[in-house]
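Listing of upload_34.pdb; format and content: PDB, C-alpha atoms and all ligand atoms.
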```pdb
MODEL        1
ATOM      1  CA  MET V 265     -27.570  62.836  31.087
ATOM      2  CA  ARG V 266     -29.709  59.767  31.811
ATOM      3  CA  SER V 267     -29.850  58.826  28.167
ATOM      4  CA  THR V 268     -26.017  59.047  27.930
ATOM      5  CA  ILE V 269     -25.634  56.623  30.887
ATOM      6  CA  PHE V 270     -28.199  54.314  29.258
ATOM      7  CA  LEU V 271     -26.293  54.387  25.938
ATOM      8  CA  VAL V 272     -22.954  53.576  27.663
ATOM      9  CA  ILE V 273     -24.515  50.628  29.543
ATOM     10  CA  ALA V 274     -26.160  49.350  26.332
ATOM     11  CA  ALA V 275     -22.830  49.572  24.483
ATOM     12  CA  LEU V 276     -21.042  47.663  27.290
ATOM     13  CA  VAL V 277     -23.701  44.910  27.261
ATOM     14  CA  LEU V 278     -23.357  44.638  23.482
ATOM     15  CA  VAL V 279     -19.537  44.301  23.737
ATOM     16  CA  VAL V 280     -19.864  41.541  26.378
ATOM     17  CA  VAL V 281     -22.489  39.630  24.349
ATOM     18  CA  LEU V 282     -20.409  39.874  21.145
ATOM     19  CA  SER V 283     -17.235  38.708  22.954
ATOM     20  CA  VAL V 284     -19.032  35.663  24.334
ATOM     21  CA  LEU V 285     -20.395  34.808  20.873
ATOM     22  CA  ILE V 286     -16.959  35.185  19.219
ATOM     23  CA  LEU V 287     -15.235  33.039  21.886
ATOM     24  CA  ARG V 288     -17.876  30.303  21.492
ATOM     25  CA  ALA V 289     -17.505  30.278  17.706
ATOM     26  CA  LEU V 290     -13.721  29.898  18.016
ATOM     27  CA  ARG V 291     -14.119  26.876  20.290
ATOM     28  CA  SER V 292     -16.836  25.289  18.160
ATOM     29  CA  PRO V 293     -16.071  21.740  16.856
ATOM     30  CA  SER V 294     -17.018  22.814  13.340
ATOM     31  CA  ILE V 295     -13.784  24.803  13.259
ATOM     32  CA  THR V 296     -11.506  22.264  14.949
ATOM     33  CA  THR V 297     -12.766  19.075  13.214
ATOM     34  CA  THR V 298     -10.019  16.646  12.121
ATOM     35  CA  GLY V 299     -11.600  14.807   9.158
ATOM     36  CA  SER V 300     -12.695  11.214   8.736
ATOM     37  CA  PHE V 301     -10.948   7.944   9.571
ATOM     38  CA  SER V 302     -10.772   4.617   7.718
ATOM     39  CA  ALA V 303     -11.353   1.153   9.115
ATOM     40  CA  THR V 304      -7.609   0.863   9.644
ATOM     41  CA  GLY V 305      -7.490   4.119  11.605
ATOM     42  CA  ASN V 306      -5.501   6.055   8.997
ATOM     43  CA  ASP V 307      -6.252   9.768   9.091
ATOM     44  CA  GLN V 308      -7.288  10.820   5.584
ATOM     45  CA  ALA V 309      -6.659  14.459   6.442
ATOM     46  CA  ASP V 310      -2.834  14.212   6.543
ATOM     47  CA  GLU V 311      -0.920  16.947   4.713
ATOM     48  CA  PHE V 312      -0.328  14.679   1.676
ATOM     49  CA  HIS V 313      -4.030  13.923   1.184
ATOM     50  CA  PRO V 314      -4.501  16.276  -1.820
ATOM     51  CA  ARG V 315      -1.364  14.891  -3.549
ATOM     52  CA  ARG V 316      -2.633  11.348  -3.056
ATOM     53  CA  GLN V 317      -5.967  12.235  -4.721
ATOM     54  CA  GLN V 318      -4.044  13.816  -7.638
ATOM     55  CA  MET V 319      -1.817  10.731  -7.929
ATOM     56  CA  VAL V 320      -4.857   8.441  -8.247
ATOM     57  CA  MET V 321      -6.592  10.721 -10.740
ATOM     58  CA  HIS V 322      -3.638  11.437 -13.072
ATOM     59  CA  GLN V 323      -1.416   8.348 -12.775
ATOM     60  CA  ILE V 324      -3.890   5.529 -12.117
ATOM     61  CA  ALA V 325      -7.481   6.296 -13.217
ATOM     62  CA  ALA V 326      -6.307   8.278 -16.277
ATOM     63  CA  ARG V 327      -4.305   5.223 -17.441
ATOM     64  CA  GLY V 328      -7.371   3.003 -17.418
ATOM     65  CA  ILE V 329      -7.551   1.405 -13.944
ATOM     66  CA  ARG V 330     -11.295   1.349 -13.211
ATOM     67  CA  ASP V 331     -11.635  -0.902 -10.126
ATOM     68  CA  GLU V 332     -13.292   1.440  -7.595
ATOM     69  CA  ARG V 333     -12.183  -0.563  -4.528
ATOM     70  CA  LEU V 334      -8.581  -0.396  -5.711
ATOM     71  CA  LEU V 335      -8.768   3.346  -6.455
ATOM     72  CA  ALA V 336     -10.251   3.918  -2.983
ATOM     73  CA  ALA V 337      -7.431   1.888  -1.382
ATOM     74  CA  MET V 338      -4.812   3.958  -3.201
ATOM     75  CA  ARG V 339      -6.499   7.184  -2.103
ATOM     76  CA  GLN V 340      -6.497   5.857   1.456
ATOM     77  CA  VAL V 341      -3.066   4.300   2.150
ATOM     78  CA  PRO V 342      -0.541   6.986   3.251
ATOM     79  CA  ARG V 343       2.244   6.124   0.756
ATOM     80  CA  HIS V 344       4.582   8.794   2.216
ATOM     81  CA  ARG V 345       4.744   6.870   5.522
ATOM     82  CA  PHE V 346       6.443   3.952   3.699
ATOM     83  CA  ILE V 347       9.239   6.133   2.307
ATOM     84  CA  PRO V 348      12.330   7.350   4.217
ATOM     85  CA  ALA V 349      12.067  11.003   5.328
ATOM     86  CA  SER V 350      14.787  12.147   2.904
ATOM     87  CA  TYR V 351      12.730  11.009  -0.136
ATOM     88  CA  GLN V 352       9.282  11.807   1.236
ATOM     89  CA  SER V 353       8.647  14.675  -1.184
ATOM     90  CA  TRP V 354       8.797  12.090  -4.026
ATOM     91  CA  ALA V 355       6.203   9.843  -2.390
ATOM     92  CA  TYR V 356       3.411  10.676  -4.847
ATOM     93  CA  SER V 357       5.486  11.165  -7.992
ATOM     94  CA  ASP V 358       5.180   8.898 -11.038
ATOM     95  CA  GLN V 359       8.283   6.765 -10.377
ATOM     96  CA  PRO V 360       9.862   4.160  -8.090
ATOM     97  CA  VAL V 361      11.542   5.667  -4.979
ATOM     98  CA  PRO V 362      14.525   4.356  -2.928
ATOM     99  CA  ILE V 363      13.607   2.772   0.423
ATOM    100  CA  GLY V 364      17.141   1.912   1.637
ATOM    101  CA  GLN V 365      19.246  -1.284   1.367
ATOM    102  CA  ASP V 366      19.455  -0.684  -2.436
ATOM    103  CA  GLN V 367      15.749  -1.439  -2.825
ATOM    104  CA  THR V 368      12.851   0.621  -4.188
ATOM    105  CA  ILE V 369       9.117   0.992  -3.674
ATOM    106  CA  SER V 370       7.423   0.442  -7.071
ATOM    107  CA  GLN V 371       5.912   3.262  -9.118
ATOM    108  CA  PRO V 372       2.257   3.812  -8.010
ATOM    109  CA  TYR V 373       0.879   2.768 -11.428
ATOM    110  CA  ILE V 374       2.764  -0.554 -11.340
ATOM    111  CA  VAL V 375       1.399  -1.262  -7.825
ATOM    112  CA  ALA V 376      -2.115  -0.530  -9.142
ATOM    113  CA  TYR V 377      -1.648  -2.524 -12.373
ATOM    114  CA  MET V 378      -0.336  -5.652 -10.631
ATOM    115  CA  THR V 379      -3.006  -5.452  -7.938
ATOM    116  CA  ALA V 380      -5.775  -5.039 -10.541
ATOM    117  CA  ALA V 381      -4.477  -8.137 -12.362
ATOM    118  CA  LEU V 382      -5.071 -10.176  -9.168
ATOM    119  CA  ASP V 383      -8.800  -9.213  -9.112
ATOM    120  CA  LEU V 384      -8.990  -9.646  -5.315
ATOM    121  CA  GLN V 385     -12.181 -10.452  -3.410
ATOM    122  CA  PRO V 386     -12.702  -9.268   0.197
ATOM    123  CA  ASP V 387     -12.394 -12.734   1.790
ATOM    124  CA  GLU V 388      -9.334 -13.922  -0.162
ATOM    125  CA  ARG V 389      -5.861 -14.852   1.082
ATOM    126  CA  VAL V 390      -2.853 -13.309  -0.633
ATOM    127  CA  LEU V 391       0.890 -14.049  -0.534
ATOM    128  CA  GLU V 392       3.379 -11.292  -1.384
ATOM    129  CA  ILE V 393       7.078 -11.956  -2.070
ATOM    130  CA  GLY V 394       9.259  -8.886  -1.391
ATOM    131  CA  THR V 395       7.684  -6.856   1.454
ATOM    132  CA  GLY V 396      10.144  -3.976   0.900
ATOM    133  CA  SER V 397       8.540  -0.875   2.404
ATOM    134  CA  GLY V 398       5.234  -2.657   3.161
ATOM    135  CA  TYR V 399       3.208  -0.331   0.884
ATOM    136  CA  GLN V 400       2.029  -3.015  -1.546
ATOM    137  CA  ALA V 401       1.077  -5.214   1.436
ATOM    138  CA  ALA V 402      -1.077  -2.379   2.837
ATOM    139  CA  ILE V 403      -2.892  -1.982  -0.511
ATOM    140  CA  LEU V 404      -3.513  -5.755  -0.620
ATOM    141  CA  ALA V 405      -4.782  -5.689   2.981
ATOM    142  CA  GLU V 406      -7.373  -3.024   2.096
ATOM    143  CA  LEU V 407      -8.781  -5.335  -0.624
ATOM    144  CA  ALA V 408      -8.381  -8.932   0.614
ATOM    145  CA  GLY V 409      -9.071 -10.829   3.831
ATOM    146  CA  ARG V 410      -5.557 -11.808   4.862
ATOM    147  CA  VAL V 411      -2.090 -10.992   3.556
ATOM    148  CA  TYR V 412       1.135 -12.976   4.069
ATOM    149  CA  THR V 413       4.320 -11.178   3.069
ATOM    150  CA  ILE V 414       7.959 -12.333   2.978
ATOM    151  CA  GLU V 415      11.103 -10.168   2.876
ATOM    152  CA  ILE V 416      14.670 -11.426   2.636
ATOM    153  CA  VAL V 417      16.418  -8.290   3.999
ATOM    154  CA  PRO V 418      15.805  -8.370   7.776
ATOM    155  CA  GLU V 419      16.068  -4.564   8.324
ATOM    156  CA  LEU V 420      13.391  -3.905   5.682
ATOM    157  CA  GLY V 421      11.133  -6.708   6.899
ATOM    158  CA  ARG V 422      11.260  -5.518  10.505
ATOM    159  CA  ARG V 423      10.693  -1.877   9.610
ATOM    160  CA  ALA V 424       7.693  -2.725   7.407
ATOM    161  CA  ALA V 425       6.165  -5.005  10.059
ATOM    162  CA  ALA V 426       6.414  -2.255  12.701
ATOM    163  CA  LEU V 427       4.874   0.389  10.424
ATOM    164  CA  LEU V 428       2.022  -1.875   9.265
ATOM    165  CA  ALA V 429       1.213  -2.645  12.922
ATOM    166  CA  GLU V 430       1.328   1.069  13.791
ATOM    167  CA  LEU V 431      -1.102   1.827  10.953
ATOM    168  CA  GLY V 432      -3.501  -0.809  12.310
ATOM    169  CA  TYR V 433      -3.208  -3.525   9.646
ATOM    170  CA  ASN V 434      -3.929  -6.543  11.800
ATOM    171  CA  ASN V 435      -4.721  -8.772   8.771
ATOM    172  CA  ILE V 436      -1.077  -8.830   7.564
ATOM    173  CA  ARG V 437       1.487 -11.458   8.634
ATOM    174  CA  CYS V 438       5.144 -10.583   7.967
ATOM    175  CA  ARG V 439       8.043 -13.007   7.774
ATOM    176  CA  ILE V 440      11.774 -12.639   7.151
ATOM    177  CA  GLY V 441      12.920 -15.366   4.765
ATOM    178  CA  ASP V 442      13.458 -16.588   1.219
ATOM    179  CA  GLY V 443      10.439 -16.039  -0.994
ATOM    180  CA  TYR V 444      11.513 -18.749  -3.471
ATOM    181  CA  LYS V 445      10.135 -21.272  -0.977
ATOM    182  CA  GLY V 446       6.848 -19.432  -0.496
ATOM    183  CA  TRP V 447       5.035 -19.772   2.858
ATOM    184  CA  PRO V 448       3.894 -23.430   2.745
ATOM    185  CA  ASP V 449       2.294 -23.592   6.200
ATOM    186  CA  ALA V 450      -0.361 -20.997   5.266
ATOM    187  CA  ALA V 451      -0.890 -22.254   1.651
ATOM    188  CA  PRO V 452      -2.878 -22.390  -0.580
ATOM    189  CA  TYR V 453      -3.379 -18.743  -1.638
ATOM    190  CA  ASP V 454      -6.070 -17.251  -3.848
ATOM    191  CA  ALA V 455      -3.494 -14.788  -5.169
ATOM    192  CA  ILE V 456       0.305 -14.422  -5.185
ATOM    193  CA  ILE V 457       2.218 -11.256  -6.103
ATOM    194  CA  VAL V 458       5.985 -11.256  -6.581
ATOM    195  CA  THR V 459       7.574  -7.786  -6.426
ATOM    196  CA  ALA V 460      11.184  -8.724  -7.256
ATOM    197  CA  ALA V 461      12.194 -10.411 -10.537
ATOM    198  CA  PRO V 462      13.253 -14.108 -10.568
ATOM    199  CA  PRO V 463      14.948 -15.478 -13.730
ATOM    200  CA  SER V 464      12.108 -18.012 -14.134
ATOM    201  CA  ILE V 465       8.766 -18.694 -12.450
ATOM    202  CA  PRO V 466       9.422 -20.232  -8.983
ATOM    203  CA  ALA V 467       7.794 -23.694  -8.948
ATOM    204  CA  ALA V 468       7.018 -23.645  -5.194
ATOM    205  CA  LEU V 469       4.863 -20.550  -5.680
ATOM    206  CA  VAL V 470       2.805 -22.098  -8.491
ATOM    207  CA  GLU V 471       2.296 -25.116  -6.242
ATOM    208  CA  GLN V 472       1.016 -22.926  -3.391
ATOM    209  CA  LEU V 473      -1.630 -21.301  -5.620
ATOM    210  CA  ALA V 474      -5.196 -22.528  -4.929
ATOM    211  CA  PRO V 475      -7.429 -23.817  -7.753
ATOM    212  CA  GLY V 476      -8.927 -20.643  -9.273
ATOM    213  CA  GLY V 477      -5.858 -18.706  -8.043
ATOM    214  CA  ARG V 478      -4.010 -15.880  -9.846
ATOM    215  CA  MET V 479      -0.322 -14.948  -9.648
ATOM    216  CA  VAL V 480       1.606 -11.982 -11.103
ATOM    217  CA  VAL V 481       5.392 -12.091 -11.319
ATOM    218  CA  PRO V 482       8.018 -10.058 -13.212
ATOM    219  CA  VAL V 483      10.265 -12.648 -14.903
ATOM    220  CA  GLY V 484      13.696 -12.083 -16.458
ATOM    221  CA  ALA V 485      17.416 -12.652 -15.928
ATOM    222  CA  VAL V 486      19.450  -9.926 -14.175
ATOM    223  CA  GLY V 487      20.229  -7.163 -16.683
ATOM    224  CA  SER V 488      17.821  -8.424 -19.379
ATOM    225  CA  VAL V 489      14.286  -7.396 -20.288
ATOM    226  CA  GLN V 490      11.723  -8.550 -17.757
ATOM    227  CA  HIS V 491       8.086  -9.339 -18.489
ATOM    228  CA  LEU V 492       5.193  -9.206 -16.104
ATOM    229  CA  VAL V 493       3.623 -12.659 -16.327
ATOM    230  CA  LYS V 494       0.157 -13.645 -15.101
ATOM    231  CA  ILE V 495      -0.429 -17.249 -14.091
ATOM    232  CA  GLU V 496      -3.920 -18.636 -13.615
ATOM    233  CA  LYS V 497      -4.699 -22.024 -12.099
ATOM    234  CA  ASP V 498      -8.110 -23.432 -13.055
ATOM    235  CA  ALA V 499     -10.393 -25.559 -10.878
ATOM    236  CA  SER V 500      -8.720 -28.757 -12.099
ATOM    237  CA  GLY V 501      -5.215 -27.440 -11.319
ATOM    238  CA  GLN V 502      -4.258 -26.646 -14.971
ATOM    239  CA  VAL V 503      -1.960 -23.613 -15.266
ATOM    240  CA  LYS V 504      -2.162 -20.916 -17.974
ATOM    241  CA  GLU V 505       0.474 -18.174 -18.502
ATOM    242  CA  SER V 506       0.024 -14.791 -20.184
ATOM    243  CA  TYR V 507       2.405 -11.887 -20.775
ATOM    244  CA  LEU V 508       1.158  -8.490 -19.592
ATOM    245  CA  LEU V 509       3.865  -5.777 -19.801
ATOM    246  CA  PRO V 510       7.628  -5.218 -20.110
ATOM    247  CA  VAL V 511       8.793  -4.056 -16.644
ATOM    248  CA  ARG V 512      11.909  -3.306 -14.604
ATOM    249  CA  PHE V 513      12.188  -4.742 -11.061
ATOM    250  CA  VAL V 514      15.054  -5.367  -8.654
ATOM    251  CA  PRO V 515      16.272  -9.004  -8.915
ATOM    252  CA  MET V 516      14.783 -11.665  -6.652
ATOM    253  CA  VAL V 517      17.873 -12.928  -4.857
ATOM    254  CA  LYS V 518      18.588 -16.517  -3.926
ATOM    255  CA  GLY V 519      18.354 -17.150  -0.218
ATOM    256  CA  THR V 520      20.807 -19.093   1.920
ATOM    257  CA  ASP V 521      19.820 -22.081   4.042
ATOM    258  CA  LYS V 522      19.286 -19.860   7.066
ATOM    259  CA  ASP V 523      16.522 -17.976   5.210
ATOM    260  CA  HIS V 524      13.406 -20.006   5.827
TER     261      HIS V 524
HETATM  262  N1  LIG L 601       6.609  -4.568  -2.585
HETATM  263  C1  LIG L 601       7.587  -3.599  -2.114
HETATM  264  C2  LIG L 601       8.661  -3.274  -3.125
HETATM  265  C3  LIG L 601       9.534  -4.411  -3.336
HETATM  266  S1  LIG L 601      11.176  -4.163  -3.867
HETATM  267  C4  LIG L 601       6.954  -2.313  -1.642
HETATM  268  O1  LIG L 601       5.728  -2.170  -1.744
HETATM  269  O2  LIG L 601       7.695  -1.467  -1.159
HETATM  270  C5  LIG L 601      11.592  -5.876  -3.876
HETATM  271  C6  LIG L 601      11.841  -6.480  -2.521
HETATM  272  O3  LIG L 601      12.036  -7.868  -2.703
HETATM  273  C7  LIG L 601      13.104  -5.943  -1.859
HETATM  274  O4  LIG L 601      12.805  -5.443  -0.593
HETATM  275  C8  LIG L 601      14.008  -7.172  -1.788
HETATM  276  O5  LIG L 601      14.841  -7.200  -0.648
HETATM  277  C9  LIG L 601      12.996  -8.308  -1.759
HETATM  278  N2  LIG L 601      13.517  -9.609  -2.185
HETATM  279  C10 LIG L 601      14.468  -9.882  -3.134
HETATM  280  N3  LIG L 601      14.658 -11.213  -3.223
HETATM  281  C11 LIG L 601      13.825 -11.802  -2.322
HETATM  282  C12 LIG L 601      13.576 -13.158  -1.932
HETATM  283  N4  LIG L 601      14.230 -14.188  -2.480
HETATM  284  N5  LIG L 601      12.640 -13.373  -0.981
HETATM  285  C13 LIG L 601      11.969 -12.360  -0.387
HETATM  286  N6  LIG L 601      12.175 -11.070  -0.695
HETATM  287  C14 LIG L 601      13.094 -10.791  -1.658
ENDMDL
END
```

Encoded form using structure tokens:
Amino acid sequence: MRSTIFLVIAALVLVVVLSVLILRALRSPSITTTGSFSATGNDQADEFHPRRQQMVMHQIAARGIRDERLLAAMRQVPRHRFIPASYQSWAYSDQPVPIGQDQTISQPYIVAYMTAALDLQPDERVLEIGTGSGYQAAILAELAGRVYTIEIVPELGRRAAALLAELGYNNIRCRIGDGYKGWPDAAPYDAIIVTAAPPSIPAALVEQLAPGGRMVVPVGAVGSVQHLVKIEKDASGQVKESYLLPVRFVPMVKGTDKDH
């Protein structure tokens, strides 16, 4: 009789101890951890994280982009946040995607290729023409010191500025205006990237390039073949042009006098 009571009490104690252990394990931080965060506060552990890693591996690294800082930036920046909800499932596919107002965010490989051609250093200042979604500006901001970006369509420019601020990019300045004029008050720039196609190289932009500066720009008349052109300015101010790739970009439109 006594041994039965002892066994029942022992079993009850065991149940209580096990319950406490199970409850503790469920509450433990090792189960509820949320992943790591970047300097800009972006959560790497969003639901698209695996697709972003695949995108970099198959579309960018596999096509010969080797710059580790650039690959890390492309693994980091949440591209899906720059794309309207209705197209979000295309965010990591190998193509440009509509962003509204008849504009597109460039294919990931083209973003990587143009950025690699700029060979950015961490303290450099970059000018972008054609903010669009703001994605290219975010990639530039991960690699350079300060980014200036101009968009001619006010709705796009405002939306991008708000998103970039929300994501914590406090080294990007956004402006609504005509990119043909550049951003003279913050010139010169170590690098300039143009993400819409002008019919010829805009002179004001070449002028705003610092000695030692690099510029990439898709050049071509509306409806004709465009070429990605790289412009390099040497220490004495001499300019050299080279042709990189045939490309297809939306046209760079002429501004009106109120766009400044
Ligand atoms: N870099 C963008 C994609 C750009 S699409 C991104 O990462 O999403 C090209 C953008 O250039 C469009 O948003 C278009 O409105 C803008 N654009 C066209 N002509 C322009 C001009 N003259 N000045 C500034 N932006 C211009």

Practice task
Please write as a ChimeraX atom specification the full residue list that the PyMOL selection byres (((not hetatm)) within 6 of (chain L and resi 601)) yields on this file.
Solution key: /V:367-370,393-400,414-417,442-444,459-460,514,516-519

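For the structure shown here, the set of residues caught by the PyMOL selection byres (((chain V and resi 499-504) around 9) and not hetatm) is Val470, Ala474, Pro475, Gly476, Gly477, Lys494, Ile495, Glu496, Lys497, Asp498, Glu505 and Ser506 of chain V.
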
Practice task
Kindly resolve the PyMOL selection byres (((chain V and resi 312-318) around 10) and not hetatm) on the present coordinates and return the residues as a list of chain:residue names.
Solution key: V:Asp307, V:Gln308, V:Ala309, V:Asp310, V:Glu311, V:Met319, V:Val320, V:Met321, V:His322, V:Gln323, V:Ile324, V:Ala325, V:Leu335, V:Ala336, V:Met338, V:Arg339, V:Gln340, V:Val341, V:Pro342, V:Arg343, V:His344, V:Ser353, V:Ala355, V:Tyr356, V:Ser357

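Between CA of Val390 in chain V and CA of Glu332 in chain V the interatomic distance comes to 19.4 Å.
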
So that I can see what lies close to Tyr433 in chain V, please list as a PDB file with C-alpha atoms, in the frame of the given file the residues with an atom at most 12 Å from it, counting only C-alpha atoms and leaving out residues fewer than 4 positions away in the same chain.
```pdb
ATOM      1  CA  SER V 302     -10.772   4.617   7.718  1.00  0.00           C
ATOM      2  CA  ALA V 303     -11.353   1.153   9.115  1.00  0.00           C
ATOM      3  CA  THR V 304      -7.609   0.863   9.644  1.00  0.00           C
ATOM      4  CA  GLY V 305      -7.490   4.119  11.605  1.00  0.00           C
ATOM      5  CA  ASN V 306      -5.501   6.055   8.997  1.00  0.00           C
ATOM      6  CA  VAL V 341      -3.066   4.300   2.150  1.00  0.00           C
ATOM      7  CA  GLY V 398       5.234  -2.657   3.161  1.00  0.00           C
ATOM      8  CA  TYR V 399       3.208  -0.331   0.884  1.00  0.00           C
ATOM      9  CA  ALA V 401       1.077  -5.214   1.436  1.00  0.00           C
ATOM     10  CA  ALA V 402      -1.077  -2.379   2.837  1.00  0.00           C
ATOM     11  CA  ILE V 403      -2.892  -1.982  -0.511  1.00  0.00           C
ATOM     12  CA  LEU V 404      -3.513  -5.755  -0.620  1.00  0.00           C
ATOM     13  CA  ALA V 405      -4.782  -5.689   2.981  1.00  0.00           C
ATOM     14  CA  GLU V 406      -7.373  -3.024   2.096  1.00  0.00           C
ATOM     15  CA  LEU V 407      -8.781  -5.335  -0.624  1.00  0.00           C
ATOM     16  CA  ALA V 408      -8.381  -8.932   0.614  1.00  0.00           C
ATOM     17  CA  GLY V 409      -9.071 -10.829   3.831  1.00  0.00           C
ATOM     18  CA  ARG V 410      -5.557 -11.808   4.862  1.00  0.00           C
ATOM     19  CA  VAL V 411      -2.090 -10.992   3.556  1.00  0.00           C
ATOM     20  CA  TYR V 412       1.135 -12.976   4.069  1.00  0.00           C
ATOM     21  CA  ALA V 424       7.693  -2.725   7.407  1.00  0.00           C
ATOM     22  CA  ALA V 425       6.165  -5.005  10.059  1.00  0.00           C
ATOM     23  CA  ALA V 426       6.414  -2.255  12.701  1.00  0.00           C
ATOM     24  CA  LEU V 427       4.874   0.389  10.424  1.00  0.00           C
ATOM     25  CA  LEU V 428       2.022  -1.875   9.265  1.00  0.00           C
ATOM     26  CA  ALA V 429       1.213  -2.645  12.922  1.00  0.00           C
ATOM     27  CA  ARG V 437       1.487 -11.458   8.634  1.00  0.00           C
ATOM     28  CA  CYS V 438       5.144 -10.583   7.967  1.00  0.00           C
TER      29      CYS V 438
END
```

Practice task
Kindly give the distance, in Å, that separates CA of Phe513 in chain V and CA of Pro448 in chain V, rounded to a single decimal.
Solution key: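 Distance reported for this atom pair: 24.7 Å.
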
Handout entry: One-decimal distance in Å that lies between CA of Val486 in chain V and CA of Asp383 in chain V
Key =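 Between these atoms lies a distance of 28.7 Å.
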
Exercise for the section: Find, counting all atoms listed in the file, the residue in V:Pro463, V:Gly441, V:Gly328, V:Pro510 that gets nearest to Ala376 in chain V. Expected result: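 Smallest separation from Ala376 in chain V among the options: V:Gly328.
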
Handout entry: Closest of V:Ala381, V:Glu388, V:Trp447, V:Val375 to Leu508 in chain V - atom-to-atom distances counting all atoms listed in the file
Key =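 When distances to Leu508 in chain V are compared using all atoms listed in the file, the smallest one comes from V:Ala381.
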
Just need the box for range 460-474 of chain V, edges along x, y and z, holding every atom the file lists for it with 3 Å tacked onto each side, so centre and edge lengths in Å to one decimal, as JSON.
```
{"center_x": 4.9, "center_y": -16.9, "center_z": -8.8, "size_x": 26.1, "size_y": 22.4, "size_z": 16.7}
```

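Of the listed residues V:Leu334, V:Arg327, V:Ala450, V:Thr520, the one whose atoms come nearest to Pro386 in chain V is V:Leu334, with distances taken using only C-alpha atoms.
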
Practice task
Could you tell me which of V:Asn435, V:Gln472, V:Ser464, V:Ser350 comes closest to Pro452 in chain V if we count only C-alpha atoms?
Solution key: V:Gln472

Problem - Near-Val483 in chain V list (7 Å; all atoms listed in the file; drop same-chain fewer than 4 positions) as a list in words - result: Ala461, Pro462, Pro463, Ser464, Ile465, Gln490, His491, Leu492 and Val493 of chain V

Exercise for the section: Identify which of the residues V:Asp454, V:Leu509, V:Glu419, V:Asp366 lies closest to Gln385 in chain V, counting all atoms listed in the file when measuring atom-to-atom distances. Expected result: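 Closest to Gln385 in chain V, using all atoms listed in the file: V:Asp454.
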
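Nearest residue to Val361 in chain V among V:Leu469, V:Ile457, V:Ala349, V:Leu431 is V:Ala349, counting all atoms listed in the file.
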